[in-house]
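Peer 1: Dropping in entry.cif, which is mmCIF, C-alpha atoms and all ligand atoms:
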data_input
loop_
_atom_site.label_atom_id
_atom_site.label_comp_id
_atom_site.auth_asym_id
_atom_site.auth_seq_id
_atom_site.Cartn_x
_atom_site.Cartn_y
_atom_site.Cartn_z
CA MET A 1 21.16 19.75 -41.88
CA GLN A 2 18.05 21.71 -42.67
CA PHE A 3 14.80 20.87 -44.36
CA PRO A 4 14.41 20.02 -47.20
CA ARG A 5 17.91 18.46 -47.30
CA TYR A 6 17.44 16.79 -43.94
CA ARG A 7 14.20 14.92 -43.47
CA ALA A 8 13.91 13.23 -40.07
CA ARG A 9 11.05 11.11 -41.40
CA ARG A 10 13.35 9.17 -43.79
CA LEU A 11 14.56 6.96 -40.95
CA ARG A 12 11.06 6.40 -39.61
CA ALA A 13 9.59 5.01 -42.80
CA THR A 14 9.64 1.27 -42.05
CA GLU A 15 9.84 -1.03 -39.07
CA ASN A 16 13.34 -2.18 -40.02
CA LEU A 17 14.65 1.34 -40.55
CA ARG A 18 13.29 2.34 -37.16
CA ARG A 19 14.89 -0.70 -35.59
CA LEU A 20 18.21 0.01 -37.23
CA VAL A 21 18.44 3.42 -35.55
CA GLN A 22 16.77 2.45 -32.28
CA GLU A 23 18.76 3.87 -29.38
CA THR A 24 17.30 1.89 -26.49
CA THR A 25 16.44 -1.80 -26.61
CA LEU A 26 14.68 -3.74 -23.90
CA VAL A 27 15.70 -7.35 -23.38
CA PRO A 28 14.38 -9.94 -20.91
CA HIS A 29 17.57 -9.84 -18.87
CA ASP A 30 16.94 -6.19 -18.01
CA PHE A 31 14.18 -7.33 -15.69
CA ILE A 32 13.87 -8.58 -12.14
CA MET A 33 10.52 -10.14 -11.27
CA PRO A 34 9.18 -9.60 -7.72
CA LEU A 35 7.46 -12.57 -6.05
CA PHE A 36 5.35 -12.66 -2.89
CA ILE A 37 5.90 -15.76 -0.78
CA THR A 38 3.20 -16.94 1.60
CA PRO A 39 3.04 -19.84 4.07
CA GLY A 40 1.27 -23.07 3.15
CA GLN A 41 1.21 -25.53 0.31
CA GLY A 42 -0.43 -25.18 -3.08
CA VAL A 43 -1.36 -21.54 -2.45
CA ARG A 44 -1.70 -19.34 -5.51
CA GLN A 45 -3.87 -16.41 -4.49
CA GLU A 46 -4.32 -13.46 -6.82
CA ILE A 47 -3.58 -10.05 -5.29
CA ALA A 48 -6.60 -7.83 -5.83
CA SER A 49 -4.60 -4.63 -6.20
CA LEU A 50 -2.04 -6.21 -8.57
CA SER A 51 -3.90 -8.08 -11.25
CA GLY A 52 -2.04 -11.11 -12.53
CA GLN A 53 0.28 -11.15 -9.49
CA TYR A 54 -0.06 -13.82 -6.83
CA ARG A 55 0.77 -14.67 -3.27
CA LEU A 56 2.60 -17.96 -3.74
CA SER A 57 3.49 -20.74 -1.36
CA VAL A 58 7.03 -22.06 -1.76
CA ASP A 59 6.03 -24.97 -4.05
CA GLN A 60 4.11 -22.61 -6.33
CA ALA A 61 6.96 -20.12 -6.32
CA VAL A 62 9.20 -22.89 -7.64
CA GLU A 63 6.82 -23.46 -10.57
CA GLU A 64 6.67 -19.74 -11.20
CA ALA A 65 10.46 -19.47 -11.05
CA ARG A 66 10.81 -22.12 -13.76
CA ALA A 67 8.48 -20.19 -16.04
CA ILE A 68 10.35 -16.97 -15.30
CA ALA A 69 13.74 -18.49 -16.05
CA ASP A 70 12.39 -20.02 -19.28
CA LEU A 71 11.53 -16.52 -20.47
CA GLY A 72 15.16 -15.43 -20.19
CA ILE A 73 14.65 -13.41 -17.01
CA LEU A 74 17.73 -13.70 -14.81
CA ALA A 75 16.47 -12.80 -11.35
CA VAL A 76 13.56 -12.72 -8.93
CA LEU A 77 13.13 -10.45 -5.90
CA LEU A 78 11.47 -12.12 -2.93
CA PHE A 79 9.07 -10.60 -0.42
CA GLY A 80 7.50 -12.58 2.41
CA LEU A 81 4.19 -12.72 4.21
CA PRO A 82 4.96 -14.15 7.65
CA GLU A 83 2.77 -16.56 9.62
CA GLN A 84 2.73 -14.02 12.37
CA LYS A 85 3.71 -10.38 12.74
CA ASP A 86 5.20 -8.99 15.94
CA ALA A 87 6.80 -5.81 17.25
CA LEU A 88 10.33 -6.86 16.26
CA GLY A 89 9.50 -8.58 12.97
CA ARG A 90 11.04 -11.86 14.10
CA GLU A 91 10.15 -13.88 11.03
CA ALA A 92 12.25 -11.49 8.96
CA TYR A 93 15.40 -13.05 10.37
CA SER A 94 14.24 -16.56 11.22
CA ALA A 95 16.06 -19.40 9.48
CA THR A 96 12.65 -21.01 8.93
CA GLY A 97 10.85 -17.89 7.65
CA VAL A 98 8.95 -18.12 4.36
CA VAL A 99 11.56 -16.21 2.39
CA GLN A 100 14.41 -18.29 3.76
CA GLN A 101 12.50 -21.46 2.83
CA ALA A 102 11.75 -20.10 -0.61
CA VAL A 103 15.39 -19.19 -1.23
CA ARG A 104 16.45 -22.75 -0.45
CA ALA A 105 13.78 -24.29 -2.65
CA LEU A 106 14.40 -21.95 -5.57
CA LYS A 107 18.17 -22.35 -5.52
CA GLN A 108 17.72 -26.10 -5.51
CA ALA A 109 15.09 -26.25 -8.26
CA VAL A 110 16.39 -23.51 -10.58
CA PRO A 111 20.03 -22.94 -9.58
CA SER A 112 20.81 -20.54 -12.41
CA LEU A 113 18.03 -18.11 -11.51
CA LEU A 114 19.43 -15.33 -9.33
CA VAL A 115 17.53 -14.95 -6.08
CA VAL A 116 17.48 -11.44 -4.67
CA THR A 117 15.84 -10.88 -1.30
CA ASP A 118 14.23 -7.71 -0.04
CA VAL A 119 15.65 -6.94 3.40
CA CYS A 120 13.18 -5.00 5.53
CA LEU A 121 11.04 -5.40 8.63
CA CYS A 122 7.75 -3.82 7.52
CA GLU A 123 6.18 -7.02 6.17
CA TYR A 124 6.98 -8.70 9.49
CA THR A 125 6.16 -6.08 12.12
CA ASP A 126 2.68 -5.72 13.62
CA HIS A 127 3.00 -1.92 13.48
CA GLY A 128 4.00 -2.03 9.80
CA HIS A 129 7.08 0.18 10.14
CA CYS A 130 10.46 -0.70 8.64
CA GLY A 131 12.30 -0.40 11.95
CA VAL A 132 12.07 -0.90 15.69
CA VAL A 133 9.46 1.38 17.24
CA ASP A 134 9.70 3.35 20.46
CA GLY A 135 6.43 5.20 21.00
CA GLU A 136 5.92 7.08 17.74
CA HIS A 137 9.62 7.03 16.94
CA ILE A 138 11.32 4.65 14.49
CA VAL A 139 14.66 3.85 16.11
CA ASN A 140 17.48 3.80 13.58
CA ASP A 141 20.49 2.21 15.21
CA LEU A 142 18.69 -0.62 17.01
CA THR A 143 17.15 -1.60 13.69
CA LEU A 144 20.53 -2.11 12.01
CA ASP A 145 21.26 -5.28 13.92
CA LEU A 146 17.90 -6.83 12.98
CA LEU A 147 18.37 -5.93 9.32
CA SER A 148 21.84 -7.46 9.39
CA GLN A 149 20.41 -10.64 10.88
CA ALA A 150 17.73 -10.73 8.17
CA ALA A 151 20.31 -10.29 5.40
CA LEU A 152 22.53 -12.94 6.93
CA SER A 153 19.65 -15.42 7.23
CA HIS A 154 18.84 -14.90 3.53
CA VAL A 155 22.45 -15.43 2.50
CA GLU A 156 22.78 -18.50 4.70
CA ALA A 157 19.73 -19.89 2.87
CA GLY A 158 21.52 -19.25 -0.44
CA ALA A 159 20.42 -15.79 -1.61
CA ASP A 160 22.58 -14.42 -4.43
CA ILE A 161 22.00 -10.73 -3.68
CA VAL A 162 20.46 -8.92 -0.70
CA ALA A 163 18.49 -5.73 -1.19
CA PRO A 164 17.87 -3.55 1.88
CA SER A 165 14.76 -1.38 1.38
CA ASP A 166 14.22 0.04 4.88
CA MET A 167 16.00 3.41 4.49
CA MET A 168 17.62 3.37 7.93
CA ASP A 169 20.90 5.30 7.98
CA GLY A 170 23.98 3.10 7.96
CA ARG A 171 22.28 -0.16 7.06
CA VAL A 172 24.35 -0.95 4.00
CA GLY A 173 27.56 -0.71 6.03
CA ALA A 174 26.07 -2.75 8.87
CA ILE A 175 24.90 -5.50 6.50
CA ARG A 176 28.23 -5.52 4.64
CA GLN A 177 30.09 -5.93 7.91
CA ALA A 178 27.78 -8.69 9.12
CA LEU A 179 28.11 -10.63 5.86
CA ASP A 180 31.89 -10.23 5.70
CA ALA A 181 32.26 -11.37 9.30
CA LYS A 182 30.52 -14.66 8.45
CA GLY A 183 32.52 -15.34 5.31
CA TYR A 184 30.06 -13.93 2.79
CA ALA A 185 32.28 -11.18 1.42
CA GLN A 186 31.39 -12.23 -2.13
CA VAL A 187 27.63 -11.62 -1.83
CA PRO A 188 26.57 -8.32 -3.43
CA ILE A 189 24.27 -5.72 -1.90
CA MET A 190 21.69 -3.97 -4.06
CA ALA A 191 20.77 -0.91 -2.02
CA TYR A 192 17.42 0.83 -2.31
CA ALA A 193 19.53 3.98 -2.18
CA ALA A 194 17.12 6.72 -3.26
CA LYS A 195 13.78 5.45 -2.05
CA TYR A 196 11.05 8.05 -1.79
CA ALA A 197 8.08 8.22 0.59
CA SER A 198 5.71 7.55 -2.29
CA SER A 199 1.97 7.06 -2.61
CA PHE A 200 2.72 4.62 -5.42
CA TYR A 201 3.48 1.80 -2.96
CA GLY A 202 -0.22 1.49 -2.07
CA PRO A 203 -1.03 -1.76 -3.91
CA PHE A 204 2.13 -3.43 -2.53
CA ARG A 205 1.11 -2.64 1.02
CA ASP A 206 -2.23 -4.33 0.35
CA ALA A 207 -0.39 -7.33 -1.02
CA VAL A 208 1.70 -7.84 2.12
CA GLU A 209 -0.51 -5.99 4.60
CA SER A 210 2.35 -3.71 5.58
CA ALA A 211 0.63 -0.32 5.76
CA PRO A 212 1.94 1.49 8.86
CA GLN A 213 -0.53 1.23 11.73
CA PHE A 214 0.33 4.77 12.85
CA GLY A 215 1.97 7.69 11.11
CA ASP A 216 3.74 7.20 7.78
CA ARG A 217 7.23 6.50 6.43
CA ARG A 218 8.28 10.10 5.88
CA SER A 219 10.76 10.12 8.77
CA TYR A 220 12.90 7.56 6.94
CA GLN A 221 11.97 7.49 3.25
CA MET A 222 12.93 10.46 1.09
CA ASP A 223 10.89 13.57 0.42
CA PRO A 224 9.66 13.54 -3.22
CA PRO A 225 10.77 17.10 -4.11
CA ASN A 226 14.47 16.35 -3.49
CA VAL A 227 17.03 15.25 -6.04
CA ARG A 228 20.37 16.49 -4.63
CA GLU A 229 19.53 14.46 -1.56
CA ALA A 230 19.11 11.39 -3.78
CA LEU A 231 22.65 11.84 -5.08
CA ARG A 232 23.88 12.10 -1.50
CA GLU A 233 21.99 8.96 -0.43
CA VAL A 234 23.45 7.08 -3.38
CA ARG A 235 26.97 8.27 -2.61
CA LEU A 236 26.64 7.26 1.03
CA ASP A 237 25.39 3.78 0.14
CA ILE A 238 28.31 3.31 -2.25
CA GLU A 239 30.76 4.43 0.45
CA GLU A 240 29.16 1.87 2.78
CA GLY A 241 29.67 -0.90 0.25
CA ALA A 242 26.67 -1.06 -2.11
CA ASP A 243 27.36 -2.95 -5.34
CA ILE A 244 24.18 -1.90 -7.16
CA VAL A 245 22.19 1.22 -6.33
CA MET A 246 18.48 1.73 -6.88
CA VAL A 247 16.05 4.54 -7.47
CA LYS A 248 12.46 3.89 -6.44
CA PRO A 249 9.79 4.55 -7.71
CA ALA A 250 10.75 4.76 -11.39
CA LEU A 251 8.30 6.57 -13.65
CA PRO A 252 7.61 9.66 -11.52
CA TYR A 253 11.39 9.84 -10.82
CA LEU A 254 12.97 9.46 -14.27
CA ASP A 255 14.94 12.67 -13.66
CA VAL A 256 16.41 11.11 -10.53
CA ILE A 257 17.40 7.99 -12.48
CA TYR A 258 19.03 10.20 -15.08
CA ARG A 259 20.91 12.28 -12.50
CA VAL A 260 22.13 9.23 -10.61
CA ARG A 261 23.25 7.63 -13.88
CA GLN A 262 25.32 10.74 -14.68
CA SER A 263 26.91 10.87 -11.25
CA VAL A 264 27.92 7.26 -10.46
CA ASP A 265 29.39 4.36 -12.41
CA LEU A 266 27.88 1.44 -10.49
CA PRO A 267 25.05 -0.59 -12.00
CA LEU A 268 21.78 1.24 -11.49
CA ALA A 269 18.42 -0.40 -10.81
CA ALA A 270 15.02 1.26 -10.92
CA TYR A 271 11.87 -0.11 -9.30
CA ASN A 272 8.75 0.19 -11.43
CA VAL A 273 6.57 -0.04 -8.32
CA SER A 274 3.15 -1.50 -7.62
CA GLY A 275 1.25 1.77 -8.13
CA GLU A 276 2.85 2.33 -11.52
CA PHE A 277 1.83 -1.20 -12.52
CA ALA A 278 -1.69 -0.94 -11.09
CA MET A 279 -2.35 2.40 -12.78
CA LEU A 280 -1.56 1.03 -16.18
CA LYS A 281 -3.46 -2.21 -15.61
CA ALA A 282 -6.54 -0.36 -14.42
CA ALA A 283 -6.58 1.94 -17.45
CA ALA A 284 -6.01 -1.02 -19.79
CA GLN A 285 -8.83 -3.00 -18.19
CA ARG A 286 -11.16 -0.12 -18.96
CA GLY A 287 -9.95 -0.07 -22.53
CA TRP A 288 -8.42 3.38 -22.05
CA LEU A 289 -4.87 2.31 -22.93
CA ASP A 290 -3.29 -0.30 -25.17
CA GLU A 291 -1.67 -2.33 -22.40
CA GLU A 292 1.17 -3.90 -24.37
CA ARG A 293 2.30 -0.69 -25.98
CA ALA A 294 1.94 1.35 -22.79
CA MET A 295 3.90 -1.24 -20.83
CA LEU A 296 6.81 -1.38 -23.28
CA GLU A 297 6.84 2.39 -23.63
CA ALA A 298 6.98 2.85 -19.85
CA LEU A 299 9.73 0.25 -19.42
CA THR A 300 11.72 1.71 -22.31
CA SER A 301 11.56 5.15 -20.72
CA ILE A 302 13.09 3.76 -17.54
CA LYS A 303 15.95 2.22 -19.47
CA ARG A 304 16.37 5.35 -21.61
CA ALA A 305 16.66 7.44 -18.44
CA GLY A 306 19.67 5.31 -17.49
CA ALA A 307 18.57 2.24 -15.54
CA ASP A 308 20.52 -0.96 -16.23
CA ILE A 309 18.10 -3.14 -14.28
CA ILE A 310 14.32 -2.74 -14.06
CA ILE A 311 12.43 -4.37 -11.21
CA THR A 312 8.92 -4.77 -12.54
CA TYR A 313 5.72 -6.79 -12.11
CA PHE A 314 5.55 -6.65 -15.91
CA ALA A 315 8.73 -8.72 -16.24
CA LYS A 316 7.03 -11.88 -17.50
CA GLU A 317 4.59 -10.17 -19.83
CA ALA A 318 7.27 -7.91 -21.24
CA ALA A 319 9.78 -10.75 -21.68
CA GLN A 320 7.14 -12.80 -23.46
CA LEU A 321 6.36 -9.98 -25.89
CA LEU A 322 10.02 -9.20 -26.50
CA SER A 323 10.85 -12.81 -27.33
CA VAL A 324 8.01 -12.95 -29.86
CA ARG A 325 9.36 -9.83 -31.54
CA CYS A 326 13.00 -10.84 -31.82
C1 LIG B 1 9.54 -2.64 1.92
C2 LIG B 1 9.22 -2.37 0.49
C3 LIG B 1 8.17 -1.66 -0.07
C4 LIG B 1 8.28 -1.80 -1.44
C5 LIG B 1 9.40 -2.55 -1.69
N1 LIG B 1 9.99 -2.89 -0.48
C6 LIG B 1 7.05 -0.95 0.58
C7 LIG B 1 7.25 0.29 1.33
O1 LIG B 1 8.37 0.82 1.46
O2 LIG B 1 6.25 0.75 1.87
C8 LIG B 1 7.32 -1.24 -2.44
C9 LIG B 1 7.24 -1.98 -3.73
C10 LIG B 1 6.10 -1.61 -4.60
O3 LIG B 1 5.29 -0.72 -4.33
O4 LIG B 1 5.99 -2.27 -5.65
N2 LIG B 1 9.98 -1.56 2.64
#
Could you render the structure from this file as structure tokens?
Ligand code: PBG

Peer 2:
Amino acid sequence: MQFPRYRARRLRATENLRRLVQETTLVPHDFIMPLFITPGQGVRQEIASLSGQYRLSVDQAVEEARAIADLGILAVLLFGLPEQKDALGREAYSATGVVQQAVRALKQAVPSLLVVTDVCLCEYTDHGHCGVVDGEHIVNDLTLDLLSQAALSHVEAGADIVAPSDMMDGRVGAIRQALDAKGYAQVPIMAYAAKYASSFYGPFRDAVESAPQFGDRRSYQMDPPNVREALREVRLDIEEGADIVMVKPALPYLDVIYRVRQSVDLPLAAYNVSGEFAMLKAAAQRGWLDEERAMLEALTSIKRAGADIIITYFAKEAAQLLSVRC
């Protein structure tokens, strides 16, 4: 197989030859599109740190969901901005919270579109932490009940999948038990299993005003240097009943995606987070990167590393481009 008998360039000569031997192919149904739901009517407010992404009231989210489904995207992931934040994040588990309302409206308007809900308290608490706070301490076990209530309220509204992102120990098991007890044994859990304490969540925290008011999330989210710990977190979530596991962020953690893919056989999701999106957008806006190519290259790398599902703010743009190409 040596030069000059083997010439690697033969199979790179034309677009169709390259396509014929392409090992990784992105398709619109790889993607889940995150949406930010805000109270009110007719609200479509661009998020400064996430260009082209909006805070949407329920009616606008319905319009957006139609466009998303038309592009061949199968699922959205909902986040909520509550009317009011408080110490216990009450709107996270209120039957009339914005996310619960949005779930109902979306399932009615676009029944085939899968609605995934992020289950966490940080968007709803006035201190911005993902759990109940006692002094400077984030209390694990007391939080589990509130997370279970949040998940249950989403499922009662019609959510197809719940996705706990809080990183409290034992929450997947607690949510599974709560759902099963109410007759929702068939609803899957997508666990943010290996979620790192990352600086790349910055733009998201602006979007939902969830930056912690004291301290940081390092006592519950994972330490970036660790990968064996990621495998352990994933294993634990599977033992507790996770149906899909997730690695988050994606691009700075492709090795983690790869290692998790090798070690478990469940579907694997990766979250191409707000900072990864904003970085690329900012460079493209300055003309320093070709946005379309950089976007597809980044998303392809996540799939090549082993992700089956990519949660990305690029979902619409990428799906649009991919459908033009096919
Ligand atoms: C809630 C949550 C966060 C993200 C998803 N769910 C923020 C955080 O943990 O601080 C980040 C998503 C992104 O950056 O795109 N816990």

Peer 1: Mind pulling up the distance from atom CA of Gln221 of chain A to atom CA of Tyr196 of chain A?

Peer 2: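 Atom CA of Tyr196 of chain A sits 5.2 Å away from atom CA of Gln221 of chain A.
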
Peer 1: Residues of chain A that approach ligand LIG 1 (chain B) to 6 Å or less, counting only C-alpha atoms and all ligand atoms: could you list each one with the shortest pair of atoms and its distance in Å to one decimal, rows by chain and increasing residue number, as a tab-separated table?

Peer 2:
residue	atom	partner	partner_atom	distance
A:Cys120	CA	B:LIG1	N2	5.5
A:Cys122	CA	B:LIG1	N2	5.8
A:Ser165	CA	B:LIG1	N2	4.9
A:Asp166	CA	B:LIG1	N2	5.1
A:Tyr201	CA	B:LIG1	O3	3.4
A:Phe204	CA	B:LIG1	O3	4.5
A:Val273	CA	B:LIG1	O4	3.5
A:Ser274	CA	B:LIG1	O4	3.5

Peer 1: When distances are computed from only C-alpha atoms, which of A:Val119, A:Met190, A:Ala174, A:Val133 shows the smallest separation from Ser153 of chain A?

Peer 2: A:Val119

Peer 1: Between A:Asn226, A:Thr14, A:Ser219, A:Ser148, which is the closest to Ala194 of chain A once you count all atoms listed in the file?

Peer 2: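 Nearest candidate to Ala194 of chain A out of A:Asn226, A:Thr14, A:Ser219, A:Ser148: A:Asn226.
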
Peer 1: Would you list the contacts of Arg261 of chain A as a list in words, taking every protein, DNA or RNA residue within 12 Å and counting only C-alpha atoms, but skipping same-chain residues closer than 5 positions in sequence?

Peer 2: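 That gives Ala230, Leu231, Val234, Arg235, Ile244, Val245, Met246, Val247, Leu254, Asp255, Val256, Leu266, Pro267, Leu268, Ala269, Ala270, Ile302, Lys303, Arg304, Ala305, Gly306, Ala307, Asp308 and Ile309 of chain A.
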
Peer 1: Just want the 7 Å neighbourhood of Lys316 of chain A, counted on all atoms listed in the file, with same-chain residues fewer than 3 positions away dropped. Output as a ChimeraX atom specification.

Peer 2: /A:68,319-320

Peer 1: Quick one: residues within 10 Å of Ala211 of chain A, all atoms listed in the file counted, chain neighbours fewer than 2 positions away excluded, as a count of residues only?

Peer 2: 20

Peer 1: Give the answer as one residue: which of A:Gln177, A:Gln100, A:Gln53, A:Asn272 has the shortest atom-to-atom distance to Thr300 of chain A, using all atoms listed in the file?

Peer 2: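 Once distances to Thr300 of chain A are computed over all atoms listed in the file, the minimum belongs to A:Asn272.
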
Peer 1: For a cut-off of 8 Å around (15.6, -20.5, 2.6), file coordinates, pick out all residues using all atoms listed in the file and list them as JSON, numbers by chain.

Peer 2: {"A": [95, 96, 97, 98, 99, 100, 101, 102, 103, 104, 105, 153, 154, 156, 157, 158, 159]}

Peer 1: Can you work out which one of A:Cys130, A:Met1, A:Leu280, A:Ile73 has the shortest atom-to-atom distance to Leu26 of chain A, counting all atoms listed in the file?

Peer 2: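 Selected residue with least distance to Leu26 of chain A: A:Ile73.
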
Peer 1: Nearest to Ala278 of chain A: which of A:Leu11, A:Leu50, A:Val172, A:Val324 is it, counting only C-alpha atoms?

Peer 2: A:Leu50

Peer 1: With distances taken over all atoms listed in the file, which of A:Leu251, A:Ile257, A:Val132, A:Val155 is nearest to Ala193 of chain A?

Peer 2: A:Ile257

Peer 1: At what distance in Å, to one decimal, does atom CA of Leu78 of chain A lie from atom CA of Thr125 of chain A?

Peer 2: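 So the two atoms, atom CA of Thr125 of chain A and atom CA of Leu78 of chain A, lie 17.1 Å apart.
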
Peer 1: One decimal, in Å: what's the spacing between atom CA of Gln149 of chain A and atom CA of Gly89 of chain A?

Peer 2: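 Atom CA of Gly89 of chain A lies at a distance of 11.3 Å from atom CA of Gln149 of chain A.
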